[in-house]
Amino acid sequence: MKNFRIEAIILAVGLLLLGVFIEKGFSKFAEKDRSVTVKGLAEMEVPANKVTWPLVYKSLGNDLGRLYDDIKRSNQTITGFLKEKGLTEQEISINAPEIIDLAAERYTNNPTPANRYNVTTVITVTSDKVDLIRGLISEQGELLKRGIAITSGEYQYRVQYEYTDLNKVKPQMIEEATKNAREAAEKFAKDSGSQLGKIRQANQGQFSITDRDPNTPYIKKIRVVTTIDYSLEN
C-alpha cells in the first residue's frame, strides 16, 4: 500500500511537470509564429547623366548621285555645328541613310511622284553633357540658316535621357527603405502591445528608374520598396 502511494505521488508529479512543459512549449511555439511583415519605401530624384539625341533630316530627289553629294554636305554641316558647340567626334555617329524608292511602290494608285527618292538620314549624338545637349536642342533651328531642316515628332527618333549611376545611390536608398520599414514595424508592435524582435526575412525589391513626369524626362525618379518580416515578442 505504501509503495502504491509513492508511485501515485511520482506519477502525479510527473503529469504535473509534463503539463507545465507542454504549456511552455505551446507558448513558445505561439510566440515563435508571431511576426509582422512591413514594407519600406525610398525615393530619390536625380538628373539624367546620359542623353541620346537623334538629328533627323530628309532629302528628296530623282538623282541618287546628286542626293548622295547633298547628304554628304549636310552631314558635314551638322557635325561642324555640333563640334562648334562643344561636342567631340566620339560623341557623334552618322547612320547609313534609309532610301525609299517611291516609284517602286507597286501597290499604290497614286500618280508618279515628282521626286522618286525619299532619303532619311540620322546623325546620333550620345553624350554625358546633358545640359549642353538640352541647350543645343533648343538651338537646332540655327541649322535652318545653314539650309538643313531637322525633323521631329517620330517616336523612334525621340530624345532619350538615362541615369547610369544607380550603384552609387543603392546603399543610401536601401538604408532609407529599411529604416522606414522598421519605423512601421515598431509602431505596429507598440499598438499591439508587443516588442519588435529580430528580422526573420528580408526582400530588397527591384529598383525602378522612371521620368519624374512627361515634361521633364531629364529628371529621373528612382524608387525601391523593401519587404521585411520581423518577429514579435511579449
# chains A, B, ... in the order shown; residues from 1 in each chain; ligands from 1
$ select_by_dssp --residues "region 30-199 of chain A" --states "strand (DSSP E)" --output "compact mmCIF listing (two decimals) with all heavy atoms, in the first residue's frame"
# COMPACT_ATOMS: atom_id res chain seq x y z
N SER A 35 4.62 37.41 -35.89
CA SER A 35 5.51 38.25 -36.70
C SER A 35 4.69 39.33 -37.38
O SER A 35 3.45 39.29 -37.39
CB SER A 35 6.25 37.41 -37.75
OG SER A 35 5.32 36.86 -38.68
N VAL A 36 5.39 40.30 -37.95
CA VAL A 36 4.74 41.36 -38.72
C VAL A 36 5.58 41.58 -39.98
O VAL A 36 6.80 41.61 -39.94
CB VAL A 36 4.61 42.66 -37.90
CG1 VAL A 36 5.97 43.16 -37.42
CG2 VAL A 36 3.92 43.74 -38.72
N THR A 37 4.91 41.71 -41.11
CA THR A 37 5.58 41.98 -42.39
C THR A 37 5.27 43.41 -42.82
O THR A 37 4.10 43.80 -42.89
CB THR A 37 5.10 41.00 -43.47
OG1 THR A 37 5.39 39.67 -43.05
CG2 THR A 37 5.82 41.26 -44.79
N VAL A 38 6.30 44.17 -43.05
CA VAL A 38 6.13 45.59 -43.41
C VAL A 38 6.93 45.90 -44.67
O VAL A 38 7.84 45.18 -45.05
CB VAL A 38 6.60 46.52 -42.26
CG1 VAL A 38 5.69 46.41 -41.06
CG2 VAL A 38 8.04 46.19 -41.87
N LYS A 39 6.55 47.00 -45.29
CA LYS A 39 7.25 47.47 -46.49
C LYS A 39 7.85 48.85 -46.21
O LYS A 39 7.23 49.68 -45.54
CB LYS A 39 6.30 47.55 -47.69
CG LYS A 39 5.80 46.19 -48.15
CD LYS A 39 4.92 46.32 -49.38
CE LYS A 39 4.39 44.96 -49.83
NZ LYS A 39 5.47 44.08 -50.30
N GLY A 40 9.03 49.07 -46.73
CA GLY A 40 9.70 50.36 -46.59
C GLY A 40 10.00 50.94 -47.96
O GLY A 40 10.55 50.26 -48.83
N LEU A 41 9.61 52.19 -48.16
CA LEU A 41 9.77 52.85 -49.46
C LEU A 41 10.89 53.89 -49.39
O LEU A 41 11.00 54.63 -48.40
CB LEU A 41 8.46 53.54 -49.87
CG LEU A 41 8.52 54.50 -51.06
CD1 LEU A 41 8.82 53.74 -52.35
CD2 LEU A 41 7.22 55.27 -51.19
N ALA A 42 11.69 53.96 -50.45
CA ALA A 42 12.68 55.03 -50.59
C ALA A 42 12.61 55.55 -52.02
O ALA A 42 12.56 54.78 -52.98
CB ALA A 42 14.09 54.51 -50.29
N GLU A 43 12.58 56.87 -52.15
CA GLU A 43 12.53 57.52 -53.47
C GLU A 43 13.58 58.62 -53.53
O GLU A 43 13.89 59.24 -52.52
CB GLU A 43 11.15 58.11 -53.75
CG GLU A 43 10.06 57.07 -53.96
CD GLU A 43 8.71 57.68 -54.29
OE1 GLU A 43 8.43 58.78 -53.76
OE2 GLU A 43 7.96 57.09 -55.07
N MET A 44 14.08 58.84 -54.72
CA MET A 44 15.09 59.88 -54.92
C MET A 44 14.97 60.43 -56.34
O MET A 44 14.72 59.69 -57.29
CB MET A 44 16.49 59.29 -54.70
CG MET A 44 17.63 60.27 -54.95
SD MET A 44 19.26 59.48 -54.77
CE MET A 44 19.27 59.14 -53.01
N GLU A 45 15.14 61.73 -56.49
CA GLU A 45 15.17 62.35 -57.81
C GLU A 45 16.61 62.74 -58.15
O GLU A 45 17.32 63.32 -57.33
CB GLU A 45 14.27 63.58 -57.85
CG GLU A 45 12.78 63.24 -57.80
CD GLU A 45 11.89 64.45 -57.96
OE1 GLU A 45 12.44 65.57 -58.11
OE2 GLU A 45 10.66 64.30 -57.96
N VAL A 46 17.02 62.40 -59.36
CA VAL A 46 18.39 62.68 -59.81
C VAL A 46 18.36 63.20 -61.24
O VAL A 46 17.46 62.84 -62.02
CB VAL A 46 19.28 61.41 -59.75
CG1 VAL A 46 19.47 60.94 -58.32
CG2 VAL A 46 18.69 60.30 -60.60
N PRO A 47 19.31 64.03 -61.62
CA PRO A 47 19.37 64.46 -63.02
C PRO A 47 19.96 63.36 -63.89
O PRO A 47 20.84 62.61 -63.46
CB PRO A 47 20.31 65.68 -62.97
CG PRO A 47 21.17 65.44 -61.77
CD PRO A 47 20.32 64.71 -60.78
N LYS A 50 23.11 60.85 -68.97
CA LYS A 50 23.40 60.40 -70.33
C LYS A 50 22.23 60.78 -71.22
O LYS A 50 21.07 60.66 -70.82
CB LYS A 50 23.62 58.89 -70.37
CG LYS A 50 23.92 58.34 -71.77
CD LYS A 50 24.09 56.83 -71.73
CE LYS A 50 24.31 56.24 -73.12
NZ LYS A 50 24.43 54.77 -73.09
N VAL A 51 22.53 61.24 -72.43
CA VAL A 51 21.47 61.62 -73.37
C VAL A 51 21.80 61.08 -74.75
O VAL A 51 22.97 61.04 -75.16
CB VAL A 51 21.29 63.15 -73.41
CG1 VAL A 51 22.59 63.85 -73.81
CG2 VAL A 51 20.16 63.54 -74.35
N THR A 52 20.77 60.62 -75.44
CA THR A 52 20.90 60.19 -76.83
C THR A 52 19.97 61.06 -77.67
O THR A 52 18.75 61.05 -77.46
CB THR A 52 20.52 58.70 -76.99
OG1 THR A 52 21.35 57.91 -76.12
CG2 THR A 52 20.71 58.25 -78.43
N TRP A 53 20.56 61.80 -78.60
CA TRP A 53 19.81 62.79 -79.38
C TRP A 53 19.93 62.47 -80.87
O TRP A 53 20.99 62.67 -81.46
CB TRP A 53 20.35 64.19 -79.08
CG TRP A 53 19.75 65.30 -79.89
CD1 TRP A 53 18.50 65.36 -80.41
CD2 TRP A 53 20.39 66.52 -80.28
NE1 TRP A 53 18.30 66.53 -81.09
CE2 TRP A 53 19.46 67.28 -81.02
CE3 TRP A 53 21.66 67.05 -80.05
CZ2 TRP A 53 19.75 68.53 -81.56
CZ3 TRP A 53 21.96 68.30 -80.57
CH2 TRP A 53 21.02 69.03 -81.31
N PRO A 54 18.87 61.97 -81.51
CA PRO A 54 18.92 61.74 -82.95
C PRO A 54 18.53 63.02 -83.71
O PRO A 54 17.46 63.59 -83.46
CB PRO A 54 17.87 60.65 -83.18
CG PRO A 54 17.29 60.34 -81.83
CD PRO A 54 17.63 61.47 -80.92
N LEU A 55 19.38 63.45 -84.61
CA LEU A 55 19.06 64.56 -85.50
C LEU A 55 18.67 63.97 -86.85
O LEU A 55 19.50 63.32 -87.52
CB LEU A 55 20.24 65.52 -85.66
CG LEU A 55 20.63 66.32 -84.41
CD1 LEU A 55 21.71 65.58 -83.62
CD2 LEU A 55 21.13 67.71 -84.79
N VAL A 56 17.44 64.17 -87.24
CA VAL A 56 16.89 63.52 -88.43
C VAL A 56 16.56 64.57 -89.48
O VAL A 56 15.95 65.60 -89.17
CB VAL A 56 15.61 62.73 -88.09
CG1 VAL A 56 15.12 61.95 -89.31
CG2 VAL A 56 15.87 61.79 -86.91
N TYR A 57 16.99 64.32 -90.72
CA TYR A 57 16.57 65.20 -91.81
C TYR A 57 16.29 64.35 -93.05
O TYR A 57 16.78 63.23 -93.18
CB TYR A 57 17.62 66.28 -92.11
CG TYR A 57 18.90 65.78 -92.72
CD1 TYR A 57 19.08 65.76 -94.11
CD2 TYR A 57 19.97 65.35 -91.93
CE1 TYR A 57 20.26 65.32 -94.68
CE2 TYR A 57 21.15 64.90 -92.48
CZ TYR A 57 21.29 64.88 -93.86
OH TYR A 57 22.45 64.44 -94.43
N LYS A 58 15.45 64.88 -93.92
CA LYS A 58 15.03 64.15 -95.11
C LYS A 58 15.49 64.88 -96.37
O LYS A 58 15.56 66.11 -96.40
CB LYS A 58 13.52 63.96 -95.11
CG LYS A 58 13.01 63.10 -93.94
CD LYS A 58 11.52 62.87 -94.01
CE LYS A 58 11.04 62.02 -92.83
NZ LYS A 58 11.59 60.65 -92.87
N SER A 59 15.76 64.08 -97.39
CA SER A 59 16.17 64.62 -98.69
C SER A 59 15.31 63.99 -99.78
O SER A 59 15.02 62.79 -99.74
CB SER A 59 17.65 64.31 -98.95
OG SER A 59 18.47 64.74 -97.87
N LEU A 60 14.90 64.80 -100.75
CA LEU A 60 14.08 64.33 -101.87
C LEU A 60 14.78 64.61 -103.19
O LEU A 60 15.46 65.63 -103.34
CB LEU A 60 12.72 65.03 -101.84
CG LEU A 60 11.85 64.83 -100.60
CD1 LEU A 60 10.62 65.73 -100.67
CD2 LEU A 60 11.43 63.37 -100.48
N GLY A 61 14.60 63.71 -104.13
CA GLY A 61 15.20 63.94 -105.45
C GLY A 61 15.02 62.74 -106.36
O GLY A 61 14.46 61.71 -105.96
N ILE A 92 29.56 61.71 -81.72
CA ILE A 92 28.71 61.88 -82.90
C ILE A 92 28.85 60.66 -83.80
O ILE A 92 29.95 60.22 -84.12
CB ILE A 92 29.13 63.14 -83.69
CG1 ILE A 92 29.09 64.38 -82.79
CG2 ILE A 92 28.22 63.34 -84.90
CD1 ILE A 92 29.76 65.60 -83.41
N SER A 93 27.73 60.09 -84.20
CA SER A 93 27.76 58.96 -85.14
C SER A 93 26.75 59.22 -86.26
O SER A 93 25.65 59.71 -86.02
CB SER A 93 27.45 57.64 -84.43
OG SER A 93 26.16 57.65 -83.88
N ILE A 94 27.15 58.87 -87.49
CA ILE A 94 26.30 59.08 -88.67
C ILE A 94 25.80 57.72 -89.15
O ILE A 94 26.58 56.84 -89.50
CB ILE A 94 27.08 59.78 -89.80
CG1 ILE A 94 27.62 61.13 -89.31
CG2 ILE A 94 26.20 59.98 -91.02
CD1 ILE A 94 28.53 61.84 -90.32
N GLU A 98 18.55 55.92 -95.06
CA GLU A 98 17.47 55.00 -95.43
C GLU A 98 16.78 55.56 -96.67
O GLU A 98 16.24 56.67 -96.65
CB GLU A 98 16.46 54.87 -94.29
CG GLU A 98 15.29 53.96 -94.62
CD GLU A 98 14.25 53.94 -93.51
OE1 GLU A 98 14.59 54.30 -92.37
OE2 GLU A 98 13.09 53.59 -93.81
N ILE A 99 16.80 54.79 -97.76
CA ILE A 99 16.28 55.27 -99.05
C ILE A 99 14.99 54.55 -99.39
O ILE A 99 14.91 53.32 -99.36
CB ILE A 99 17.31 55.05 -100.17
CG1 ILE A 99 18.64 55.75 -99.82
CG2 ILE A 99 16.78 55.56 -101.50
CD1 ILE A 99 19.76 55.45 -100.78
N ILE A 100 13.97 55.32 -99.72
CA ILE A 100 12.70 54.76 -100.18
C ILE A 100 12.51 55.17 -101.65
O ILE A 100 12.54 56.37 -101.97
CB ILE A 100 11.52 55.27 -99.34
CG1 ILE A 100 11.68 54.82 -97.89
CG2 ILE A 100 10.20 54.76 -99.91
CD1 ILE A 100 10.60 55.34 -96.97
N ASP A 101 12.33 54.17 -102.51
CA ASP A 101 12.08 54.43 -103.92
C ASP A 101 10.57 54.46 -104.12
O ASP A 101 9.90 53.43 -104.15
CB ASP A 101 12.72 53.32 -104.77
CG ASP A 101 12.60 53.58 -106.26
OD1 ASP A 101 11.86 54.53 -106.65
OD2 ASP A 101 13.22 52.85 -107.05
N TYR A 117 12.98 59.54 -105.05
CA TYR A 117 13.67 59.02 -103.87
C TYR A 117 13.40 59.90 -102.64
O TYR A 117 13.49 61.13 -102.71
CB TYR A 117 15.17 58.92 -104.12
CG TYR A 117 15.52 58.01 -105.27
CD1 TYR A 117 15.95 58.55 -106.49
CD2 TYR A 117 15.41 56.63 -105.15
CE1 TYR A 117 16.26 57.72 -107.56
CE2 TYR A 117 15.72 55.80 -106.23
CZ TYR A 117 16.15 56.35 -107.42
OH TYR A 117 16.44 55.53 -108.49
N ASN A 118 13.08 59.21 -101.55
CA ASN A 118 12.89 59.87 -100.26
C ASN A 118 13.94 59.29 -99.31
O ASN A 118 13.89 58.11 -98.96
CB ASN A 118 11.48 59.62 -99.72
CG ASN A 118 11.20 60.36 -98.43
OD1 ASN A 118 12.09 60.69 -97.68
ND2 ASN A 118 9.93 60.61 -98.17
N VAL A 119 14.91 60.11 -98.90
CA VAL A 119 16.03 59.63 -98.10
C VAL A 119 15.97 60.21 -96.69
O VAL A 119 15.82 61.43 -96.53
CB VAL A 119 17.38 60.01 -98.76
CG1 VAL A 119 18.53 59.40 -97.97
CG2 VAL A 119 17.42 59.55 -100.21
N THR A 120 16.06 59.34 -95.70
CA THR A 120 16.10 59.76 -94.29
C THR A 120 17.49 59.52 -93.74
O THR A 120 18.02 58.40 -93.83
CB THR A 120 15.07 58.98 -93.45
OG1 THR A 120 13.76 59.20 -93.97
CG2 THR A 120 15.12 59.42 -91.99
N THR A 121 18.09 60.55 -93.19
CA THR A 121 19.43 60.45 -92.61
C THR A 121 19.35 60.80 -91.13
O THR A 121 18.69 61.76 -90.73
CB THR A 121 20.41 61.41 -93.31
OG1 THR A 121 20.39 61.16 -94.72
CG2 THR A 121 21.82 61.21 -92.79
N VAL A 122 20.04 60.00 -90.31
CA VAL A 122 20.05 60.20 -88.87
C VAL A 122 21.48 60.36 -88.38
O VAL A 122 22.33 59.49 -88.63
CB VAL A 122 19.38 59.03 -88.12
CG1 VAL A 122 19.34 59.32 -86.61
CG2 VAL A 122 17.98 58.78 -88.65
N ILE A 123 21.74 61.44 -87.70
CA ILE A 123 23.00 61.65 -87.00
C ILE A 123 22.70 61.58 -85.51
O ILE A 123 21.87 62.34 -85.00
CB ILE A 123 23.64 63.00 -87.37
CG1 ILE A 123 24.01 63.00 -88.86
CG2 ILE A 123 24.86 63.28 -86.50
CD1 ILE A 123 24.62 64.31 -89.34
N THR A 124 23.34 60.66 -84.82
CA THR A 124 23.03 60.42 -83.41
C THR A 124 24.13 60.96 -82.51
O THR A 124 25.31 60.65 -82.70
CB THR A 124 22.84 58.92 -83.14
OG1 THR A 124 21.84 58.41 -84.02
CG2 THR A 124 22.42 58.68 -81.70
N VAL A 125 23.72 61.75 -81.54
CA VAL A 125 24.64 62.26 -80.52
C VAL A 125 24.40 61.48 -79.23
O VAL A 125 23.27 61.39 -78.75
CB VAL A 125 24.41 63.76 -80.27
CG1 VAL A 125 25.26 64.24 -79.09
CG2 VAL A 125 24.73 64.57 -81.52
N THR A 126 25.45 60.89 -78.69
CA THR A 126 25.38 60.20 -77.40
C THR A 126 26.42 60.81 -76.49
O THR A 126 27.62 60.79 -76.79
CB THR A 126 25.66 58.69 -77.56
OG1 THR A 126 24.74 58.15 -78.52
CG2 THR A 126 25.49 57.97 -76.24
N SER A 127 25.97 61.38 -75.38
CA SER A 127 26.89 62.17 -74.56
C SER A 127 26.44 62.19 -73.11
O SER A 127 25.27 61.95 -72.79
CB SER A 127 26.95 63.61 -75.11
OG SER A 127 27.71 64.44 -74.27
N GLN A 160 16.37 60.58 -75.75
CA GLN A 160 16.28 59.68 -74.60
C GLN A 160 17.30 60.10 -73.54
O GLN A 160 18.48 60.32 -73.84
CB GLN A 160 16.56 58.24 -75.02
CG GLN A 160 15.54 57.69 -76.01
CD GLN A 160 15.81 56.23 -76.35
OE1 GLN A 160 15.94 55.38 -75.48
NE2 GLN A 160 15.89 55.94 -77.63
N TYR A 161 16.81 60.19 -72.31
CA TYR A 161 17.66 60.52 -71.17
C TYR A 161 17.77 59.29 -70.27
O TYR A 161 16.79 58.59 -70.05
CB TYR A 161 17.08 61.69 -70.39
CG TYR A 161 17.01 62.99 -71.17
CD1 TYR A 161 15.86 63.33 -71.87
CD2 TYR A 161 18.09 63.86 -71.21
CE1 TYR A 161 15.79 64.53 -72.58
CE2 TYR A 161 18.03 65.05 -71.92
CZ TYR A 161 16.87 65.37 -72.61
OH TYR A 161 16.80 66.54 -73.32
N GLU A 162 18.96 59.09 -69.71
CA GLU A 162 19.18 57.94 -68.84
C GLU A 162 19.96 58.36 -67.59
O GLU A 162 20.65 59.38 -67.58
CB GLU A 162 19.99 56.86 -69.57
CG GLU A 162 19.34 56.31 -70.83
CD GLU A 162 20.26 55.34 -71.56
OE1 GLU A 162 20.64 54.32 -70.94
OE2 GLU A 162 20.61 55.63 -72.71
N GLN A 195 6.81 43.81 -28.45
CA GLN A 195 8.10 44.41 -28.73
C GLN A 195 8.65 43.81 -30.02
O GLN A 195 8.43 42.63 -30.29
CB GLN A 195 9.08 44.19 -27.58
CG GLN A 195 8.72 44.97 -26.33
CD GLN A 195 9.84 44.96 -25.31
OE1 GLN A 195 10.93 44.45 -25.59
NE2 GLN A 195 9.59 45.51 -24.14
N LEU A 196 9.36 44.65 -30.75
CA LEU A 196 9.89 44.20 -32.03
C LEU A 196 11.12 43.33 -31.82
O LEU A 196 12.03 43.68 -31.07
CB LEU A 196 10.24 45.42 -32.90
CG LEU A 196 10.37 45.15 -34.41
CD1 LEU A 196 9.04 44.69 -34.97
CD2 LEU A 196 10.83 46.43 -35.13
N GLY A 197 11.12 42.18 -32.49
CA GLY A 197 12.25 41.28 -32.39
C GLY A 197 13.19 41.41 -33.58
O GLY A 197 13.29 42.47 -34.20
N LYS A 198 13.84 40.31 -33.90
CA LYS A 198 14.82 40.30 -34.97
C LYS A 198 14.15 40.18 -36.35
O LYS A 198 12.99 39.79 -36.45
CB LYS A 198 15.80 39.14 -34.77
CG LYS A 198 16.63 39.25 -33.51
CD LYS A 198 17.58 38.07 -33.40
CE LYS A 198 18.43 38.16 -32.15
NZ LYS A 198 19.36 37.00 -32.03
N ILE A 199 14.92 40.48 -37.36
CA ILE A 199 14.46 40.28 -38.74
C ILE A 199 14.45 38.78 -39.05
O ILE A 199 15.46 38.10 -38.87
CB ILE A 199 15.35 41.03 -39.74
CG1 ILE A 199 15.22 42.54 -39.56
CG2 ILE A 199 15.00 40.65 -41.19
CD1 ILE A 199 16.13 43.36 -40.45
$ closest_residue --among "A:Ile148, A:Leu232, A:Val225, A:Ile137" --to "Gln76 (chain A)" --atoms "only C-alpha atoms"
A:Ile148
$ residues_around --residues "Ala177 (chain A)" --least-positions-apart "2" --cutoff "12 Å" --atoms "only C-alpha atoms" --output "CSV table (one decimal) with N, CA, C and O atoms, in the first residue's frame"
chain,number,residue,atom,x,y,z
A,38,VAL,N,6.3,44.2,-43.1
A,38,VAL,CA,6.1,45.6,-43.4
A,38,VAL,C,6.9,45.9,-44.7
A,38,VAL,O,7.8,45.2,-45.0
A,39,LYS,N,6.5,47.0,-45.3
A,39,LYS,CA,7.3,47.5,-46.5
A,39,LYS,C,7.8,48.9,-46.2
A,39,LYS,O,7.2,49.7,-45.5
A,40,GLY,N,9.0,49.1,-46.7
A,40,GLY,CA,9.7,50.4,-46.6
A,40,GLY,C,10.0,50.9,-48.0
A,40,GLY,O,10.5,50.3,-48.8
A,41,LEU,N,9.6,52.2,-48.2
A,41,LEU,CA,9.8,52.9,-49.5
A,41,LEU,C,10.9,53.9,-49.4
A,41,LEU,O,11.0,54.6,-48.4
A,42,ALA,N,11.7,54.0,-50.5
A,42,ALA,CA,12.7,55.0,-50.6
A,42,ALA,C,12.6,55.6,-52.0
A,42,ALA,O,12.6,54.8,-53.0
A,43,GLU,N,12.6,56.9,-52.2
A,43,GLU,CA,12.5,57.5,-53.5
A,43,GLU,C,13.6,58.6,-53.5
A,43,GLU,O,13.9,59.2,-52.5
A,44,MET,N,14.1,58.8,-54.7
A,44,MET,CA,15.1,59.9,-54.9
A,44,MET,C,15.0,60.4,-56.3
A,44,MET,O,14.7,59.7,-57.3
A,170,LYS,N,22.5,53.2,-54.5
A,170,LYS,CA,21.8,52.0,-53.9
A,170,LYS,C,21.9,51.8,-52.4
A,170,LYS,O,20.9,51.7,-51.7
A,171,PRO,N,23.2,51.9,-51.9
A,171,PRO,CA,23.3,51.7,-50.4
A,171,PRO,C,22.5,52.7,-49.6
A,171,PRO,O,21.8,52.3,-48.6
A,172,GLN,N,22.5,54.0,-50.0
A,172,GLN,CA,21.8,55.0,-49.3
A,172,GLN,C,20.3,54.7,-49.3
A,172,GLN,O,19.6,54.9,-48.3
A,173,MET,N,19.8,54.3,-50.5
A,173,MET,CA,18.3,54.1,-50.7
A,173,MET,C,17.9,52.9,-49.9
A,173,MET,O,16.8,52.8,-49.3
A,174,ILE,N,18.7,51.8,-49.9
A,174,ILE,CA,18.4,50.6,-49.2
A,174,ILE,C,18.3,50.9,-47.7
A,174,ILE,O,17.4,50.4,-47.0
A,175,GLU,N,19.3,51.7,-47.2
A,175,GLU,CA,19.3,52.1,-45.8
A,175,GLU,C,18.0,52.9,-45.4
A,175,GLU,O,17.4,52.6,-44.4
A,179,LYS,N,15.1,51.6,-42.9
A,179,LYS,CA,14.7,52.5,-41.7
A,179,LYS,C,13.2,52.7,-41.7
A,179,LYS,O,12.5,52.6,-40.7
A,180,ASN,N,12.6,53.0,-42.9
A,180,ASN,CA,11.2,53.3,-42.9
A,180,ASN,C,10.4,52.1,-42.6
A,180,ASN,O,9.3,52.1,-42.0
A,181,ALA,N,10.9,50.9,-43.0
A,181,ALA,CA,10.2,49.7,-42.7
A,181,ALA,C,10.2,49.4,-41.2
A,181,ALA,O,9.2,49.0,-40.6
A,182,ARG,N,11.4,49.6,-40.6
A,182,ARG,CA,11.5,49.4,-39.2
A,182,ARG,C,10.6,50.3,-38.4
A,182,ARG,O,9.9,49.9,-37.4
A,183,GLU,N,10.5,51.6,-38.8
A,183,GLU,CA,9.6,52.5,-38.1
A,183,GLU,C,8.1,52.0,-38.1
A,183,GLU,O,7.4,52.1,-37.2
A,184,ALA,N,7.7,51.5,-39.3
A,184,ALA,CA,6.4,51.0,-39.4
A,184,ALA,C,6.2,49.8,-38.6
A,184,ALA,O,5.1,49.6,-37.9
A,202,ALA,N,14.0,39.2,-45.2
A,202,ALA,CA,14.0,40.5,-45.9
A,202,ALA,C,14.1,40.3,-47.4
A,202,ALA,O,14.9,39.4,-47.9
A,203,ASN,N,13.4,41.2,-48.1
A,203,ASN,CA,13.5,41.2,-49.6
A,203,ASN,C,13.7,42.6,-50.0
A,203,ASN,O,12.9,43.5,-49.7
A,204,GLN,N,14.8,42.8,-50.7
A,204,GLN,CA,15.2,44.1,-51.1
A,204,GLN,C,14.3,44.8,-52.1
A,204,GLN,O,13.9,45.9,-52.0
A,205,GLY,N,13.7,44.0,-53.0
A,205,GLY,CA,12.9,44.6,-54.0
A,205,GLY,C,13.7,45.1,-55.2
A,205,GLY,O,14.9,45.2,-55.2
A,207,PHE,N,14.8,47.9,-58.0
A,207,PHE,CA,14.9,49.4,-58.2
A,207,PHE,C,14.2,49.7,-59.6
A,207,PHE,O,14.4,49.0,-60.6
A,223,ARG,N,13.2,54.5,-57.4
A,223,ARG,CA,12.3,54.0,-56.4
A,223,ARG,C,12.6,52.6,-56.0
A,223,ARG,O,13.0,51.8,-56.9
A,224,VAL,N,12.6,52.3,-54.7
A,224,VAL,CA,12.8,50.9,-54.3
A,224,VAL,C,11.9,50.6,-53.1
A,224,VAL,O,11.7,51.5,-52.2
A,225,VAL,N,11.3,49.4,-53.0
A,225,VAL,CA,10.5,49.0,-51.9
A,225,VAL,C,11.1,47.7,-51.3
A,225,VAL,O,11.3,46.7,-52.0
A,226,THR,N,11.4,47.8,-50.0
A,226,THR,CA,11.9,46.6,-49.3
A,226,THR,C,10.8,46.0,-48.5
A,226,THR,O,9.9,46.7,-48.0
A,227,THR,N,10.8,44.7,-48.4
A,227,THR,CA,9.8,43.9,-47.6
A,227,THR,C,10.5,43.2,-46.5
A,227,THR,O,11.4,42.4,-46.8
A,228,ILE,N,10.2,43.4,-45.2
A,228,ILE,CA,10.9,42.8,-44.1
A,228,ILE,C,9.9,42.2,-43.2
A,228,ILE,O,8.8,42.8,-42.8
$ select_by_dssp --residues "region 57-188 of chain A" --states "alpha helix (DSSP H)" --output "PyMOL selection string"
chain A and resi 64-84+130-139+166-188
$ decode --residues "region 27-65 of chain A" --atoms "C-alpha atoms" --output "compact mmCIF listing (two decimals), in the first residue's frame"
# COMPACT_ATOMS: atom_id res chain seq x y z
CA SER A 27 3.57 29.25 -25.54
CA LYS A 28 7.00 29.36 -27.15
CA PHE A 29 5.60 27.86 -30.35
CA ALA A 30 2.90 30.54 -30.47
CA GLU A 31 5.41 33.30 -29.80
CA LYS A 32 7.67 31.89 -32.49
CA ASP A 33 4.95 32.28 -35.09
CA ARG A 34 4.09 35.86 -34.12
CA SER A 35 5.51 38.25 -36.70
CA VAL A 36 4.74 41.36 -38.72
CA THR A 37 5.58 41.98 -42.39
CA VAL A 38 6.13 45.59 -43.41
CA LYS A 39 7.25 47.47 -46.49
CA GLY A 40 9.70 50.36 -46.59
CA LEU A 41 9.77 52.85 -49.46
CA ALA A 42 12.68 55.03 -50.59
CA GLU A 43 12.53 57.52 -53.47
CA MET A 44 15.09 59.88 -54.92
CA GLU A 45 15.17 62.35 -57.81
CA VAL A 46 18.39 62.68 -59.81
CA PRO A 47 19.37 64.46 -63.02
CA ALA A 48 19.99 62.25 -66.05
CA ASN A 49 23.68 61.76 -66.79
CA LYS A 50 23.40 60.40 -70.33
CA VAL A 51 21.47 61.62 -73.37
CA THR A 52 20.90 60.19 -76.83
CA TRP A 53 19.81 62.79 -79.38
CA PRO A 54 18.92 61.74 -82.95
CA LEU A 55 19.06 64.56 -85.50
CA VAL A 56 16.89 63.52 -88.43
CA TYR A 57 16.57 65.20 -91.81
CA LYS A 58 15.03 64.15 -95.11
CA SER A 59 16.17 64.62 -98.69
CA LEU A 60 14.08 64.33 -101.87
CA GLY A 61 15.20 63.94 -105.45
CA ASN A 62 15.43 61.83 -108.57
CA ASP A 63 19.19 61.57 -108.99
CA LEU A 64 20.82 59.31 -106.39
CA GLY A 65 24.30 60.62 -107.17
